[in-house]
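Comments concern the structure below.
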Amino acid sequence: MRFSIIVPMLNEAPGLPGLLARLAELEDQGCEILIVDGGSDDGSVSLAERAGFRVLASPKGRARQMNLGAAQATGDVLLFLHADTLLPEDALTTLRQTMLKTAALWGRFDVLIDGTHPMLRVIATLMNHRSRWTGIATGDQAIFVTRNAFEAVGGYPDQPLMEDIELSNRLRALARPACIPTPVRTSGRRWESRGVWRTVLLMWRLRWAYWRGTPAEQLAQRY
């Protein structure tokens, strides 16, 4: 079982050193790493290449970037990792054990949100519980999927927002996700820069509108 980690990137230079250090550890453990850039102009590509990583150029758009990475990957299992998220040190061992034990087709990790606001821990807990209940994963939770299952559902939909929700809906028709309790750590900058409660309310409104059939393109404009 070989793993490929696909990282969509766009102007992530400030937080990139920490990510690249963790990815180097995973690469040393035999994991394939593909970083897919959507047009960064802040030196992110140079940082990644100087660290020895392969960087693919892609049109902007997280779904497009991840699909391009998946098409180039050689692993049996694809793991999609946001550039502001760090996998735990034992991620590959935990992932391998989970997939062998449960014969999972796909799944995600629990998440912790780094930041100073006390509500970020509560938000992460609610996200993890909601995901277990609904069988829907978000990109912050480091979605993983077998190549066969990913190809069976047509990969990520080519849309500018809610691509993780739509992929989960498609994969859920094949099987429920495996939920790994060992958490990934993701940056709380989105919540703290825009206001924690404002961001939570915005995301709930967008998801509600999406479930009611509002096109992702319209939602991306609101976002």
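Going through the structure tokens in order, the chains are called A, B, and so on, while each chain numbers its residues from 1 and the ligands are numbered from 1 in the order shown.
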
Identify all residues of region 29-223 of chain A in helix (DSSP H, G or I) (DSSP on the backbone) and supply them as a PyMOL selection string. chain A and resi 44-50+62-72+91-102+119-134+139-141+147-152+163-172+189-194+196-211+216-222

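Of the listed residues (A:Pro17, A:Pro157, A:Pro59, A:Gly75), A:Pro17 comes nearest to Ser44 (chain A); the distances count only C-alpha atoms.
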
Nearest residue to Ala51 (chain A) out of A:Ala24, A:Ile33, A:Leu95, A:Leu206, using only C-alpha atoms?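 For Ala51 (chain A), the nearest of the given residues is A:Ala24.
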
For region 171-181 of chain A, work out the shell of residues within 7 Å, counting only C-alpha atoms and skipping chain neighbours fewer than 4 positions away, then give it as a PyMOL selection string. chain A and resi 104-110+132+135+153+167

Taking the chain letters and numbering used in this document, name the residues of chain A that DSSP puts in strand (DSSP E), as a short mmCIF file (atom, residue, chain, number, x, y, z; two decimals) with all heavy atoms, in the first residue's frame.
```cif
data_model
loop_
_atom_site.label_atom_id
_atom_site.label_comp_id
_atom_site.auth_asym_id
_atom_site.auth_seq_id
_atom_site.Cartn_x
_atom_site.Cartn_y
_atom_site.Cartn_z
N PHE A 3 1.26 5.43 -0.38
CA PHE A 3 0.49 6.66 -0.19
C PHE A 3 1.08 7.81 -0.99
O PHE A 3 2.30 7.97 -1.08
CB PHE A 3 0.47 7.04 1.30
CG PHE A 3 -0.17 6.02 2.18
CD1 PHE A 3 0.60 5.13 2.90
CD2 PHE A 3 -1.55 5.91 2.26
CE1 PHE A 3 0.03 4.17 3.71
CE2 PHE A 3 -2.14 4.95 3.06
CZ PHE A 3 -1.34 4.07 3.79
N SER A 4 0.19 8.60 -1.56
CA SER A 4 0.57 9.85 -2.22
C SER A 4 -0.15 11.00 -1.53
O SER A 4 -1.37 10.97 -1.38
CB SER A 4 0.18 9.82 -3.71
OG SER A 4 0.90 8.85 -4.42
N ILE A 5 0.62 11.99 -1.08
CA ILE A 5 0.04 13.18 -0.45
C ILE A 5 0.04 14.30 -1.48
O ILE A 5 1.07 14.63 -2.06
CB ILE A 5 0.83 13.59 0.79
CG1 ILE A 5 0.73 12.50 1.86
CG2 ILE A 5 0.31 14.92 1.35
CD1 ILE A 5 1.52 12.80 3.12
N ILE A 6 -1.12 14.87 -1.70
CA ILE A 6 -1.30 15.93 -2.70
C ILE A 6 -1.66 17.22 -1.97
O ILE A 6 -2.65 17.28 -1.23
CB ILE A 6 -2.40 15.53 -3.70
CG1 ILE A 6 -1.98 14.27 -4.45
CG2 ILE A 6 -2.69 16.67 -4.67
CD1 ILE A 6 -3.12 13.48 -5.01
N VAL A 7 -0.85 18.24 -2.17
CA VAL A 7 -1.01 19.50 -1.45
C VAL A 7 -1.31 20.63 -2.44
O VAL A 7 -0.42 21.06 -3.18
CB VAL A 7 0.27 19.86 -0.66
CG1 VAL A 7 0.05 21.12 0.17
CG2 VAL A 7 0.70 18.70 0.23
N PRO A 8 -2.54 21.12 -2.50
CA PRO A 8 -2.81 22.30 -3.32
C PRO A 8 -2.28 23.55 -2.62
O PRO A 8 -2.45 23.71 -1.40
CB PRO A 8 -4.34 22.32 -3.40
CG PRO A 8 -4.79 21.65 -2.14
CD PRO A 8 -3.73 20.62 -1.81
N MET A 9 -1.62 24.42 -3.35
CA MET A 9 -0.94 25.56 -2.74
C MET A 9 -1.22 26.84 -3.52
O MET A 9 -1.26 26.83 -4.75
CB MET A 9 0.57 25.29 -2.72
CG MET A 9 1.44 26.40 -2.16
SD MET A 9 3.19 25.93 -2.07
CE MET A 9 3.63 25.96 -3.83
N GLU A 32 4.90 9.40 -1.31
CA GLU A 32 5.07 10.31 -2.45
C GLU A 32 4.42 11.65 -2.12
O GLU A 32 3.29 11.69 -1.62
CB GLU A 32 4.43 9.72 -3.70
CG GLU A 32 4.54 10.60 -4.93
CD GLU A 32 3.84 10.01 -6.14
OE1 GLU A 32 2.72 9.48 -5.97
OE2 GLU A 32 4.40 10.09 -7.25
N ILE A 33 5.13 12.74 -2.39
CA ILE A 33 4.62 14.09 -2.12
C ILE A 33 4.50 14.85 -3.43
O ILE A 33 5.47 14.95 -4.18
CB ILE A 33 5.55 14.86 -1.17
CG1 ILE A 33 5.87 14.06 0.09
CG2 ILE A 33 4.94 16.22 -0.82
CD1 ILE A 33 4.69 13.80 1.00
N LEU A 34 3.31 15.39 -3.70
CA LEU A 34 3.12 16.25 -4.87
C LEU A 34 2.49 17.56 -4.42
O LEU A 34 1.40 17.56 -3.85
CB LEU A 34 2.22 15.58 -5.91
CG LEU A 34 2.76 14.30 -6.55
CD1 LEU A 34 2.13 13.08 -5.88
CD2 LEU A 34 2.45 14.27 -8.03
N ILE A 35 3.19 18.65 -4.66
CA ILE A 35 2.67 19.98 -4.35
C ILE A 35 2.19 20.60 -5.65
O ILE A 35 2.92 20.63 -6.64
CB ILE A 35 3.76 20.84 -3.69
CG1 ILE A 35 4.21 20.19 -2.37
CG2 ILE A 35 3.26 22.25 -3.45
CD1 ILE A 35 5.37 20.88 -1.71
N VAL A 36 0.96 21.07 -5.65
CA VAL A 36 0.35 21.59 -6.87
C VAL A 36 0.04 23.07 -6.67
O VAL A 36 -0.82 23.43 -5.87
CB VAL A 36 -0.94 20.82 -7.23
CG1 VAL A 36 -1.41 21.24 -8.62
CG2 VAL A 36 -0.72 19.31 -7.17
N ASP A 37 0.76 23.90 -7.40
CA ASP A 37 0.64 25.34 -7.22
C ASP A 37 -0.37 25.94 -8.18
O ASP A 37 -0.39 25.62 -9.37
CB ASP A 37 1.99 26.01 -7.42
CG ASP A 37 1.92 27.49 -7.12
OD1 ASP A 37 1.73 27.84 -5.93
OD2 ASP A 37 2.05 28.31 -8.06
N VAL A 55 7.01 20.31 -7.67
CA VAL A 55 5.89 21.26 -7.69
C VAL A 55 5.28 21.24 -9.09
O VAL A 55 5.96 21.49 -10.08
CB VAL A 55 6.35 22.68 -7.33
CG1 VAL A 55 5.15 23.63 -7.35
CG2 VAL A 55 7.00 22.69 -5.95
N LEU A 56 4.00 20.96 -9.16
CA LEU A 56 3.26 20.96 -10.42
C LEU A 56 2.54 22.29 -10.57
O LEU A 56 2.00 22.83 -9.61
CB LEU A 56 2.23 19.82 -10.44
CG LEU A 56 2.76 18.41 -10.19
CD1 LEU A 56 1.60 17.41 -10.13
CD2 LEU A 56 3.75 18.00 -11.27
N ALA A 57 2.52 22.82 -11.79
CA ALA A 57 1.80 24.06 -12.08
C ALA A 57 0.40 23.72 -12.55
O ALA A 57 0.21 22.82 -13.38
CB ALA A 57 2.54 24.86 -13.14
N VAL A 77 -3.26 4.96 -2.43
CA VAL A 77 -4.13 5.78 -1.59
C VAL A 77 -3.71 7.23 -1.75
O VAL A 77 -2.52 7.55 -1.65
CB VAL A 77 -4.04 5.36 -0.11
CG1 VAL A 77 -4.91 6.27 0.76
CG2 VAL A 77 -4.46 3.90 0.07
N LEU A 78 -4.68 8.10 -2.01
CA LEU A 78 -4.44 9.53 -2.20
C LEU A 78 -4.88 10.27 -0.94
O LEU A 78 -6.00 10.06 -0.46
CB LEU A 78 -5.22 10.04 -3.41
CG LEU A 78 -5.07 9.25 -4.71
CD1 LEU A 78 -6.00 9.80 -5.78
CD2 LEU A 78 -3.62 9.25 -5.19
N LEU A 79 -4.03 11.13 -0.43
CA LEU A 79 -4.38 11.95 0.74
C LEU A 79 -4.24 13.41 0.32
O LEU A 79 -3.19 13.83 -0.15
CB LEU A 79 -3.46 11.63 1.92
CG LEU A 79 -3.86 12.27 3.26
CD1 LEU A 79 -3.37 11.42 4.43
CD2 LEU A 79 -3.31 13.69 3.41
N PHE A 80 -5.33 14.15 0.49
CA PHE A 80 -5.37 15.55 0.06
C PHE A 80 -5.19 16.44 1.30
O PHE A 80 -6.02 16.43 2.21
CB PHE A 80 -6.68 15.85 -0.66
CG PHE A 80 -6.85 15.03 -1.90
CD1 PHE A 80 -7.57 13.84 -1.87
CD2 PHE A 80 -6.27 15.42 -3.09
CE1 PHE A 80 -7.71 13.06 -3.01
CE2 PHE A 80 -6.40 14.65 -4.24
CZ PHE A 80 -7.12 13.47 -4.20
N THR A 85 -2.21 22.88 6.91
CA THR A 85 -2.56 21.79 7.81
C THR A 85 -1.38 20.84 7.96
O THR A 85 -0.71 20.52 6.97
CB THR A 85 -3.79 21.02 7.26
OG1 THR A 85 -4.89 21.94 7.13
CG2 THR A 85 -4.19 19.89 8.19
N LEU A 86 -1.14 20.37 9.17
CA LEU A 86 -0.05 19.45 9.45
C LEU A 86 -0.60 18.10 9.88
O LEU A 86 -1.45 18.01 10.77
CB LEU A 86 0.85 19.99 10.57
CG LEU A 86 1.63 21.28 10.29
CD1 LEU A 86 2.43 21.67 11.53
CD2 LEU A 86 2.55 21.10 9.10
N TRP A 106 -12.35 5.22 1.98
CA TRP A 106 -12.00 6.62 2.14
C TRP A 106 -12.22 7.02 3.59
O TRP A 106 -12.77 6.25 4.39
CB TRP A 106 -12.81 7.50 1.21
CG TRP A 106 -14.27 7.67 1.58
CD1 TRP A 106 -15.26 6.73 1.52
CD2 TRP A 106 -14.90 8.86 2.08
NE1 TRP A 106 -16.46 7.25 1.93
CE2 TRP A 106 -16.26 8.56 2.28
CE3 TRP A 106 -14.44 10.15 2.36
CZ2 TRP A 106 -17.17 9.51 2.75
CZ3 TRP A 106 -15.35 11.09 2.83
CH2 TRP A 106 -16.70 10.76 3.02
N GLY A 107 -11.79 8.22 3.92
CA GLY A 107 -11.99 8.69 5.28
C GLY A 107 -11.31 10.03 5.50
O GLY A 107 -10.91 10.71 4.56
N ARG A 108 -11.17 10.36 6.78
CA ARG A 108 -10.55 11.64 7.15
C ARG A 108 -10.05 11.55 8.59
O ARG A 108 -10.39 10.62 9.33
CB ARG A 108 -11.49 12.80 6.95
CG ARG A 108 -12.84 12.88 7.67
CD ARG A 108 -12.91 12.41 9.02
NE ARG A 108 -13.98 12.77 9.91
CZ ARG A 108 -13.84 12.82 11.22
NH1 ARG A 108 -12.70 12.54 11.79
NH2 ARG A 108 -14.85 13.10 11.99
N PHE A 109 -9.24 12.51 8.99
CA PHE A 109 -8.75 12.64 10.35
C PHE A 109 -9.65 13.59 11.13
O PHE A 109 -10.34 14.43 10.54
CB PHE A 109 -7.33 13.19 10.36
CG PHE A 109 -6.27 12.26 9.85
CD1 PHE A 109 -6.12 12.04 8.48
CD2 PHE A 109 -5.43 11.59 10.72
CE1 PHE A 109 -5.14 11.19 7.99
CE2 PHE A 109 -4.44 10.74 10.25
CZ PHE A 109 -4.30 10.52 8.88
N ASP A 110 -9.63 13.48 12.45
CA ASP A 110 -10.15 14.56 13.27
C ASP A 110 -9.26 15.78 13.06
O ASP A 110 -8.15 15.68 12.53
CB ASP A 110 -10.16 14.17 14.75
CG ASP A 110 -11.43 13.43 15.16
OD1 ASP A 110 -12.28 13.15 14.29
OD2 ASP A 110 -11.57 13.12 16.35
N VAL A 111 -9.74 16.95 13.50
CA VAL A 111 -8.98 18.17 13.29
C VAL A 111 -8.91 18.97 14.59
O VAL A 111 -9.83 18.96 15.41
CB VAL A 111 -9.62 19.04 12.18
CG1 VAL A 111 -11.01 19.53 12.57
CG2 VAL A 111 -8.72 20.19 11.78
N LEU A 112 -7.78 19.62 14.79
CA LEU A 112 -7.61 20.65 15.81
C LEU A 112 -7.31 21.96 15.09
O LEU A 112 -6.57 21.96 14.10
CB LEU A 112 -6.45 20.32 16.76
CG LEU A 112 -6.69 19.27 17.84
CD1 LEU A 112 -5.41 19.01 18.61
CD2 LEU A 112 -7.79 19.70 18.79
N ILE A 113 -7.85 23.07 15.59
CA ILE A 113 -7.63 24.37 14.96
C ILE A 113 -6.70 25.18 15.84
O ILE A 113 -6.99 25.46 17.00
CB ILE A 113 -8.96 25.12 14.76
CG1 ILE A 113 -9.95 24.26 13.96
CG2 ILE A 113 -8.72 26.44 14.05
CD1 ILE A 113 -11.34 24.87 13.84
N ASP A 114 -5.54 25.54 15.30
CA ASP A 114 -4.57 26.34 16.04
C ASP A 114 -4.99 27.80 16.04
O ASP A 114 -5.41 28.34 15.02
CB ASP A 114 -3.18 26.23 15.39
CG ASP A 114 -2.51 24.91 15.71
OD1 ASP A 114 -2.80 24.34 16.79
OD2 ASP A 114 -1.70 24.45 14.90
N PHE A 144 -8.65 11.24 2.76
CA PHE A 144 -7.88 10.21 2.05
C PHE A 144 -8.84 9.25 1.37
O PHE A 144 -9.97 9.05 1.82
CB PHE A 144 -6.94 9.45 3.00
CG PHE A 144 -7.61 8.83 4.19
CD1 PHE A 144 -8.17 7.56 4.13
CD2 PHE A 144 -7.68 9.52 5.40
CE1 PHE A 144 -8.78 6.98 5.23
CE2 PHE A 144 -8.31 8.95 6.52
CZ PHE A 144 -8.85 7.68 6.42
N VAL A 145 -8.40 8.67 0.26
CA VAL A 145 -9.28 7.83 -0.55
C VAL A 145 -8.44 6.89 -1.41
O VAL A 145 -7.36 7.27 -1.87
CB VAL A 145 -10.21 8.72 -1.42
CG1 VAL A 145 -9.43 9.66 -2.30
CG2 VAL A 145 -11.17 7.87 -2.25
N THR A 146 -8.91 5.68 -1.60
CA THR A 146 -8.21 4.79 -2.51
C THR A 146 -8.33 5.33 -3.93
O THR A 146 -9.31 6.00 -4.28
CB THR A 146 -8.78 3.37 -2.47
OG1 THR A 146 -10.12 3.37 -2.98
CG2 THR A 146 -8.77 2.80 -1.06
N ALA A 178 -14.01 6.27 7.05
CA ALA A 178 -13.27 5.93 8.26
C ALA A 178 -12.86 7.24 8.93
O ALA A 178 -12.32 8.13 8.28
CB ALA A 178 -12.04 5.10 7.92
N CYS A 179 -13.12 7.37 10.22
CA CYS A 179 -12.83 8.60 10.95
C CYS A 179 -11.69 8.33 11.93
O CYS A 179 -11.87 7.64 12.93
CB CYS A 179 -14.06 9.09 11.69
SG CYS A 179 -15.45 9.50 10.60
N ILE A 180 -10.52 8.86 11.65
CA ILE A 180 -9.34 8.63 12.49
C ILE A 180 -9.31 9.69 13.59
O ILE A 180 -9.28 10.89 13.31
CB ILE A 180 -8.06 8.71 11.64
CG1 ILE A 180 -8.06 7.57 10.61
CG2 ILE A 180 -6.83 8.64 12.53
CD1 ILE A 180 -6.85 7.56 9.69
N PRO A 181 -9.34 9.28 14.85
CA PRO A 181 -9.41 10.25 15.95
C PRO A 181 -8.12 11.03 16.18
O PRO A 181 -8.16 12.12 16.76
CB PRO A 181 -9.75 9.39 17.17
CG PRO A 181 -9.27 8.02 16.82
CD PRO A 181 -9.46 7.89 15.33
N THR A 182 -6.97 10.49 15.75
CA THR A 182 -5.73 11.26 15.86
C THR A 182 -5.85 12.50 14.99
O THR A 182 -6.08 12.39 13.79
CB THR A 182 -4.53 10.42 15.40
OG1 THR A 182 -4.51 9.19 16.12
CG2 THR A 182 -3.23 11.16 15.62
N PRO A 183 -5.69 13.70 15.56
CA PRO A 183 -6.02 14.90 14.78
C PRO A 183 -4.89 15.45 13.94
O PRO A 183 -3.71 15.34 14.28
CB PRO A 183 -6.39 15.91 15.87
CG PRO A 183 -5.53 15.52 17.03
CD PRO A 183 -5.42 14.01 16.97
N VAL A 184 -5.27 16.05 12.83
CA VAL A 184 -4.40 16.97 12.12
C VAL A 184 -4.56 18.34 12.76
O VAL A 184 -5.54 18.61 13.43
CB VAL A 184 -4.74 17.03 10.61
CG1 VAL A 184 -4.60 15.67 9.96
CG2 VAL A 184 -6.16 17.57 10.40
N ARG A 185 -3.57 19.21 12.54
CA ARG A 185 -3.63 20.57 13.09
C ARG A 185 -3.71 21.55 11.93
O ARG A 185 -2.84 21.56 11.06
CB ARG A 185 -2.41 20.88 13.95
CG ARG A 185 -2.20 19.91 15.10
CD ARG A 185 -1.09 20.38 16.01
NE ARG A 185 -1.50 21.56 16.77
CZ ARG A 185 -2.01 21.50 17.99
NH1 ARG A 185 -2.19 20.33 18.59
NH2 ARG A 185 -2.36 22.61 18.62
N THR A 186 -4.75 22.36 11.93
CA THR A 186 -4.93 23.32 10.85
C THR A 186 -4.91 24.74 11.39
O THR A 186 -5.23 24.97 12.57
CB THR A 186 -6.24 23.05 10.08
OG1 THR A 186 -6.24 23.76 8.84
CG2 THR A 186 -7.46 23.47 10.89
N SER A 187 -4.53 25.67 10.57
CA SER A 187 -4.42 27.06 10.99
C SER A 187 -5.79 27.69 11.24
O SER A 187 -6.74 27.46 10.48
CB SER A 187 -3.68 27.88 9.92
OG SER A 187 -3.76 29.26 10.20
#
```

Record the distance separating CA of Arg130 (chain A) and CA of Arg22 (chain A), expressed in Å with one decimal. 28.0 Å

Just to confirm, what's the straight-line distance from CA of Gln141 (chain A) to CA of Ser58 (chain A) in Å (one decimal)?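 Rounded to one decimal, the two atoms are 22.8 Å apart.
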
Could you work out how far CA of Gly15 (chain A) lies from CA of Arg50 (chain A), giving the answer in Å with one decimal?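 Here the two named atoms are 15.3 Å from each other.
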
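Counting only C-alpha atoms, the residue from A:Ala48, A:Ala152, A:Ala124, A:Leu202 that sits nearest to Ala83 (chain A) is A:Ala48.
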
Can you pull out every residue within 7 Å of Ala137 (chain A), counting only C-alpha atoms, but drop anything in the same chain fewer than 3 positions away, and send it as a list in words?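 Final neighbour list, sorted by chain and number: Arg108, Ser131, Gln141, Ile143, Asp164, Ile165 and Ser168 of chain A.
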